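Student: Contents of my_file23.txt (compact mmCIF, C-alpha atoms and all ligand atoms):
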```
# COMPACT_ATOMS: atom_id res chain seq x y z
CA MET G 598 -14.71 11.16 -11.52
CA THR G 599 -10.96 11.64 -11.64
CA ASP G 600 -9.34 11.88 -15.05
CA LEU G 601 -6.86 8.99 -15.00
CA ALA G 602 -5.23 10.49 -18.12
CA CYS G 603 -3.59 12.96 -15.69
CA VAL G 604 -2.01 10.07 -13.77
CA THR G 605 1.56 8.77 -14.04
CA ILE G 606 3.07 5.78 -12.23
CA ASN G 607 6.85 5.64 -11.91
CA GLU G 608 9.55 4.15 -9.75
CA ALA G 609 10.12 6.42 -6.77
CA ARG G 610 13.31 8.44 -6.41
CA PRO G 611 14.95 9.18 -3.05
CA GLN G 612 13.52 12.70 -3.17
CA ASP G 613 9.98 11.21 -3.13
CA ALA G 614 10.58 9.82 0.40
CA PRO G 615 9.05 12.78 2.33
CA ALA G 616 5.82 12.66 0.27
CA ILE G 617 5.63 8.88 0.70
CA ALA G 618 6.15 9.20 4.47
CA THR G 619 3.36 11.79 4.75
CA ILE G 620 0.92 9.60 2.78
CA HIS G 621 1.84 6.57 4.90
CA LEU G 622 1.36 8.37 8.22
CA THR G 623 -1.85 10.24 7.36
CA SER G 624 -3.53 7.42 5.43
CA ARG G 625 -2.78 4.83 8.10
CA ARG G 626 -3.97 7.09 10.93
CA ARG G 627 -7.22 7.92 9.12
CA ALA G 628 -8.00 4.33 8.08
CA MET G 629 -6.91 2.63 11.32
CA PRO G 630 -7.14 5.04 14.28
CA TYR G 631 -7.12 2.04 16.64
CA LEU G 632 -3.66 0.89 15.51
CA ARG G 633 -0.79 0.94 18.00
CA CYS G 634 2.12 2.98 16.55
CA PRO G 635 5.38 1.13 17.25
CA HIS G 636 7.43 4.08 15.90
CA THR G 637 7.34 7.86 16.20
CA ASP G 638 6.58 9.91 13.08
CA ASP G 639 10.25 10.96 12.94
CA GLU G 640 11.37 7.32 13.02
CA ALA G 641 8.93 6.52 10.20
CA ARG G 642 10.20 9.46 8.11
CA ASP G 643 13.77 8.32 8.69
CA TYR G 644 12.84 4.77 7.59
CA PHE G 645 11.44 6.03 4.27
CA ALA G 646 14.40 8.37 3.74
CA ARG G 647 16.77 5.40 4.06
CA ARG G 648 14.73 2.89 2.02
CA VAL G 649 13.01 4.69 -0.87
CA GLY G 650 14.98 4.32 -4.08
CA ASN G 651 17.17 1.52 -2.71
CA PRO G 652 16.85 -1.89 -4.43
CA PRO G 653 15.96 -4.76 -4.31
CA ARG G 654 12.63 -3.47 -3.00
CA VAL G 655 10.96 -1.24 -5.56
CA TRP G 656 8.88 1.73 -4.51
CA TRP G 657 6.34 3.17 -6.95
CA VAL G 658 4.62 6.53 -6.81
CA LEU G 659 1.39 7.57 -8.50
CA ARG G 660 1.26 11.24 -9.43
CA HIS G 661 -1.96 13.08 -10.23
CA ARG G 662 -1.34 16.36 -12.03
CA GLY G 663 2.29 16.10 -10.89
CA GLN G 664 1.53 15.59 -7.18
CA VAL G 665 2.41 12.31 -5.44
CA VAL G 666 -0.96 11.04 -4.10
CA ALA G 667 -0.32 7.29 -3.65
CA TYR G 668 2.51 4.79 -3.41
CA MET G 669 3.23 1.07 -3.20
CA MET G 670 6.25 -1.10 -2.47
CA LEU G 671 6.90 -4.33 -4.32
CA ASP G 672 9.45 -6.94 -3.32
CA GLY G 673 9.16 -9.73 -5.89
CA GLU G 674 5.68 -11.15 -5.45
CA ASN G 675 5.21 -9.38 -2.08
CA LEU G 676 3.11 -6.24 -2.12
CA ASP G 677 4.24 -4.72 1.17
CA HIS G 678 2.66 -1.25 1.05
CA LEU G 679 -0.28 0.27 -0.85
CA TYR G 680 -1.40 3.64 0.46
CA VAL G 681 -3.47 6.43 -1.07
CA SER G 682 -3.59 9.92 0.47
CA PRO G 683 -6.75 10.18 2.61
CA PHE G 684 -7.79 13.21 0.53
CA CYS G 685 -7.61 11.23 -2.73
CA GLN G 686 -9.25 7.89 -1.98
CA GLY G 687 -12.19 6.46 -3.94
CA GLN G 688 -10.96 7.98 -7.21
CA GLY G 689 -9.36 4.93 -8.79
CA PHE G 690 -5.74 5.57 -7.71
CA GLY G 691 -5.46 2.47 -5.53
CA SER G 692 -6.89 0.34 -8.37
CA ALA G 693 -4.43 1.87 -10.84
CA LEU G 694 -1.45 0.99 -8.61
CA LEU G 695 -2.79 -2.51 -7.97
CA ASP G 696 -3.19 -3.08 -11.72
CA ARG G 697 0.45 -2.05 -12.18
CA ALA G 698 1.54 -4.43 -9.39
CA LYS G 699 -0.32 -7.27 -11.14
CA ALA G 700 1.32 -6.41 -14.45
CA LEU G 701 4.79 -6.33 -12.84
CA SER G 702 4.31 -9.52 -10.82
CA PRO G 703 5.56 -12.94 -11.90
CA GLY G 704 1.90 -14.09 -11.97
CA ARG G 705 1.27 -14.06 -8.22
CA LEU G 706 1.01 -11.40 -5.51
CA VAL G 707 0.82 -11.87 -1.76
CA LEU G 708 0.15 -9.28 0.94
CA TRP G 709 -0.86 -8.89 4.57
CA THR G 710 -3.58 -6.56 5.81
CA PHE G 711 -5.10 -6.03 9.24
CA GLN G 712 -8.31 -7.97 9.90
CA ARG G 713 -10.07 -4.82 11.13
CA ASN G 714 -9.19 -2.92 7.93
CA GLU G 715 -12.47 -3.80 6.22
CA ARG G 716 -12.17 -1.28 3.40
CA ALA G 717 -8.81 -2.68 2.34
CA ARG G 718 -10.08 -6.25 2.64
CA SER G 719 -13.11 -5.64 0.43
CA PHE G 720 -10.92 -3.63 -1.97
CA TYR G 721 -8.56 -6.61 -2.44
CA GLU G 722 -11.34 -9.22 -2.49
CA ALA G 723 -13.18 -7.28 -5.22
CA ARG G 724 -9.97 -7.39 -7.24
CA GLY G 725 -9.35 -11.13 -7.23
CA PHE G 726 -7.44 -11.67 -3.96
CA ARG G 727 -8.37 -14.53 -1.63
CA SER G 728 -7.41 -15.11 1.97
CA ILE G 729 -4.73 -17.77 2.50
CA GLY G 730 -3.79 -17.25 6.15
CA ARG G 731 -4.12 -15.17 9.29
CA SER G 732 -2.24 -14.31 12.46
CA ASP G 733 -3.41 -13.30 15.93
CA GLY G 734 -1.11 -10.28 15.87
CA ASP G 735 2.31 -11.60 14.97
CA ASN G 736 3.51 -8.15 13.84
CA GLU G 737 4.96 -4.93 15.26
CA GLU G 738 1.51 -3.54 16.00
CA GLY G 739 0.27 -6.68 17.79
CA GLU G 740 -2.85 -6.48 15.58
CA PRO G 741 -4.52 -9.59 14.05
CA ASP G 742 -3.88 -9.65 10.32
CA MET G 743 -4.66 -11.69 7.20
CA GLN G 744 -2.63 -12.85 4.26
CA TYR G 745 -4.09 -12.52 0.77
CA GLU G 746 -3.02 -14.01 -2.54
CA TRP G 747 -3.76 -13.13 -6.14
CA ARG G 748 -2.85 -15.42 -9.03
CA LYS G 749 -2.95 -14.54 -12.70
CA VAL G 750 -5.54 -16.59 -14.55
CA PRO G 751 -3.58 -18.60 -17.15
C1 LIG U 1 -7.47 0.59 0.31
C2 LIG U 1 -6.99 1.72 -0.62
C3 LIG U 1 -5.54 1.43 -1.03
C4 LIG U 1 -7.87 1.74 -1.87
O1 LIG U 1 -7.43 2.81 -2.71
P1 LIG U 1 -8.47 3.81 -3.41
O2 LIG U 1 -7.72 4.71 -4.28
O3 LIG U 1 -9.33 4.43 -2.33
O4 LIG U 1 -9.29 2.74 -4.25
P2 LIG U 1 -10.07 2.98 -5.63
O5 LIG U 1 -10.57 4.37 -5.69
O6 LIG U 1 -9.23 2.47 -6.71
O7 LIG U 1 -11.27 1.99 -5.47
C5 LIG U 1 -12.08 2.10 -4.33
C6 LIG U 1 -13.49 2.35 -4.72
O8 LIG U 1 -13.66 3.54 -5.43
C7 LIG U 1 -14.41 3.30 -6.65
N1 LIG U 1 -13.72 3.95 -7.77
C8 LIG U 1 -12.81 3.41 -8.58
N2 LIG U 1 -12.43 4.30 -9.50
C9 LIG U 1 -13.13 5.41 -9.26
C10 LIG U 1 -13.17 6.68 -9.87
N3 LIG U 1 -12.40 6.96 -10.94
N4 LIG U 1 -13.99 7.62 -9.32
C11 LIG U 1 -14.75 7.34 -8.24
N5 LIG U 1 -14.74 6.13 -7.65
C12 LIG U 1 -13.95 5.19 -8.14
C13 LIG U 1 -14.44 1.86 -6.90
O9 LIG U 1 -15.77 1.49 -7.25
C14 LIG U 1 -13.98 1.24 -5.60
O10 LIG U 1 -15.06 0.67 -4.94
P3 LIG U 1 -15.12 -0.93 -4.78
O11 LIG U 1 -13.91 -1.36 -4.02
O12 LIG U 1 -16.37 -1.11 -4.02
O13 LIG U 1 -15.12 -1.47 -6.15
C15 LIG U 1 -7.10 3.10 0.06
O14 LIG U 1 -8.43 3.28 0.50
C16 LIG U 1 -6.14 3.33 1.20
O15 LIG U 1 -5.03 3.84 1.01
N6 LIG U 1 -6.56 2.98 2.42
C17 LIG U 1 -5.78 3.28 3.64
C18 LIG U 1 -4.47 2.52 3.68
C19 LIG U 1 -4.69 1.06 3.57
O16 LIG U 1 -5.53 0.49 4.26
N7 LIG U 1 -3.89 0.42 2.71
C20 LIG U 1 -3.90 -1.02 2.54
C21 LIG U 1 -2.90 -1.59 3.46
S1 LIG U 1 -2.75 -3.35 3.18
```
Can the structure from this file be put into structure tokens for me?
Ligand SMILES: CC(C)(COP(=O)(O)OP(=O)(O)OC[C@H]1O[C@@H](n2cnc3c(N)ncnc32)[C@H](O)[C@@H]1OP(=O)(O)O)[C@@H](O)C(=O)NCCC(=O)NCCS
Tutor:
Amino acid sequence: MTDLACVTINEARPQDAPAIATIHLTSRRRAMPYLRCPHTDDEARDYFARRVGNPPRVWWVLRHRGQVVAYMMLDGENLDHLYVSPFCQGQGFGSALLDRAKALSPGRLVLWTFQRNERARSFYEARGFRSIGRSDGDNEEGEPDMQYEWRKVP
């Protein structure tokens, strides 16, 4: 089991963008090999280089022993990204970031995930999220997705 005492979670700085881009590309490819890629890897890296560290969206990185191994992006109550390096999954890092998102939220979080991403769906459902909507693929990837919501218990 991973020692979560060696974990830090901080707001990302612009210089974290390359590590975030690598986690996004590798984690997504491993978890969802069927997904259509609407952008090249270079376009994705450029996107992160321009966005990370720029408000109002807030990017967070989880470091384990100083290495960035996971990240998330919060925009108010919208959790738009949560990705763990494929080499570091199943060790509690995703849960640690999600706990931080809940603590930072105004009492509610919403997110979209692809319907075929069963691991992510059971991950969120086991952590108090419930499905509140779905689309037939109204997104860049043309892939059916689902919207989930979490509300803080008063
Ligand atoms: C979905 C995802 C974010 C989950 O992150 P993770 O770090 O693998 O998740 P955790 O390790 O916190 O928890 C996953 C499982 O590991 C177990 N676990 C938790 N802490 C653990 C630890 N310290 N050691 C070993 N196992 C642990 C948990 O039991 C959990 O199982 P459960 O869901 O059946 O309860 C991650 O798998 C991922 O990045 N997937 C690909 C990208 C993706 O789909 N992102 C979501 C887009 S919406």
Student: Output, as AutoDock Vina command-line options, the centre and edge lengths in Å (one decimal) of the axis-aligned box that contains all listed atoms of ligand LIG 1 (chain U) with 8 Å of margin on each side.
Tutor:
```
--center_x -9.6 --center_y 2.1 --center_z -3.3 --size_x 29.6 --size_y 27.0 --size_z 31.2
```
Student: Tell me, in Å to one decimal, how far CA of Gln664 (chain G) is from CA of Tyr631 (chain G).
Tutor: 28.7 Å
Student: Around the point (-0.2, 8.8, 3.4) (coordinates from the file), which residues reach within 10 Å if we count all atoms listed in the file? Answer as a list in words.
Tutor: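 Output of the proximity query reads Ala616, Ile617, Ala618, Thr619, Ile620, His621, Leu622, Thr623, Ser624, Arg625, Arg626, Arg627, Val665, Val666, Ala667, Tyr668, Leu679, Tyr680, Val681, Ser682, Pro683, Phe684 and Cys685 of chain G.
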Student: Please list as a PyMOL selection string every residue within 9 Å of region 724-726 of chain G, counting all atoms listed in the file and excluding residues in the same chain fewer than 4 positions away.
Tutor: chain G and resi 692+695+706-707+718-720+745-748
Student: Any idea what's packed within 9 Å of region 673-678 of chain G, counting only C-alpha atoms, ignoring anything in its chain fewer than 5 positions away? Could you give it as a PyMOL selection string?
Tutor: chain G and resi 621+653-656+668+698+701-709
Student: So how far away is CA of Gly650 (chain G) from CA of Phe690 (chain G), in Å?
Tutor: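 Atom-to-atom, CA of Phe690 (chain G) to CA of Gly650 (chain G), that is 21.1 Å.
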Student: Which residue gives the smallest distance to ligand LIG 1 (chain U) among G:Arg633, G:Arg647, G:Arg660, G:Gly691, with only C-alpha atoms and all ligand atoms counted?
Tutor: G:Gly691
Student: Counting all atoms listed in the file, figure out which residue out of G:Asp733, G:Glu740, G:Asp696, G:Asp643 gets nearest to ligand LIG 1 (chain U).
Tutor: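 Counting all atoms listed in the file, the residue closest to ligand LIG 1 (chain U) is G:Asp696.
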Student: Compare G:Leu671, G:Ala628, G:Ser732, G:Leu694 by their minimum atom-to-atom distance to ligand LIG 1 (chain U), counting only C-alpha atoms and all ligand atoms, and give me the closest one.
Tutor: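 Counting only C-alpha atoms and all ligand atoms, the residue closest to ligand LIG 1 (chain U) is G:Ala628.
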Student: Go through G:Glu738, G:Gln688, G:Asp600, G:Ile729 one by one, measure the shortest atom-to-atom distance of each to ligand LIG 1 (chain U) using only C-alpha atoms and all ligand atoms, and give the residue with the smallest value.
Tutor: G:Gln688
Student: Residues around (-7.2, -13.4, 6.1), cut-off 8 Å, counting only C-alpha atoms - what are they as a ChimeraX atom specification?
Tutor: /G:709-710,712,727-731,742-745
Student: Pick the closest to ligand LIG 1 (chain U) from G:Arg716, G:Lys699, G:His661, G:Arg648: which is it, counting all atoms listed in the file?
Tutor: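 Distance minimum relative to ligand LIG 1 (chain U) lands on G:Arg716.
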Student: Please list as a list in words every residue within 7 Å of Ile606 (chain G), counting all atoms listed in the file and excluding residues in the same chain fewer than 5 positions away.
Tutor: Trp657, Val658, Leu659 and Arg660 of chain G
Student: How far is it from atom N3 of ligand LIG 1 (chain U) to CA of Asn714 (chain G), in Å with one decimal?
Tutor: 21.5 Å
Student: With only C-alpha atoms as the atoms that count, which of G:Pro652, G:Gly739, G:Gly689, G:Pro751 lies nearest to Leu601 (chain G)?
Tutor: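 Closest candidate: G:Gly689.
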Student: If you count all atoms listed in the file, which residues fall within 7 Å of Arg642 (chain G), apart from same-chain ones fewer than 4 positions away, as a count of residues only?
Tutor: 4
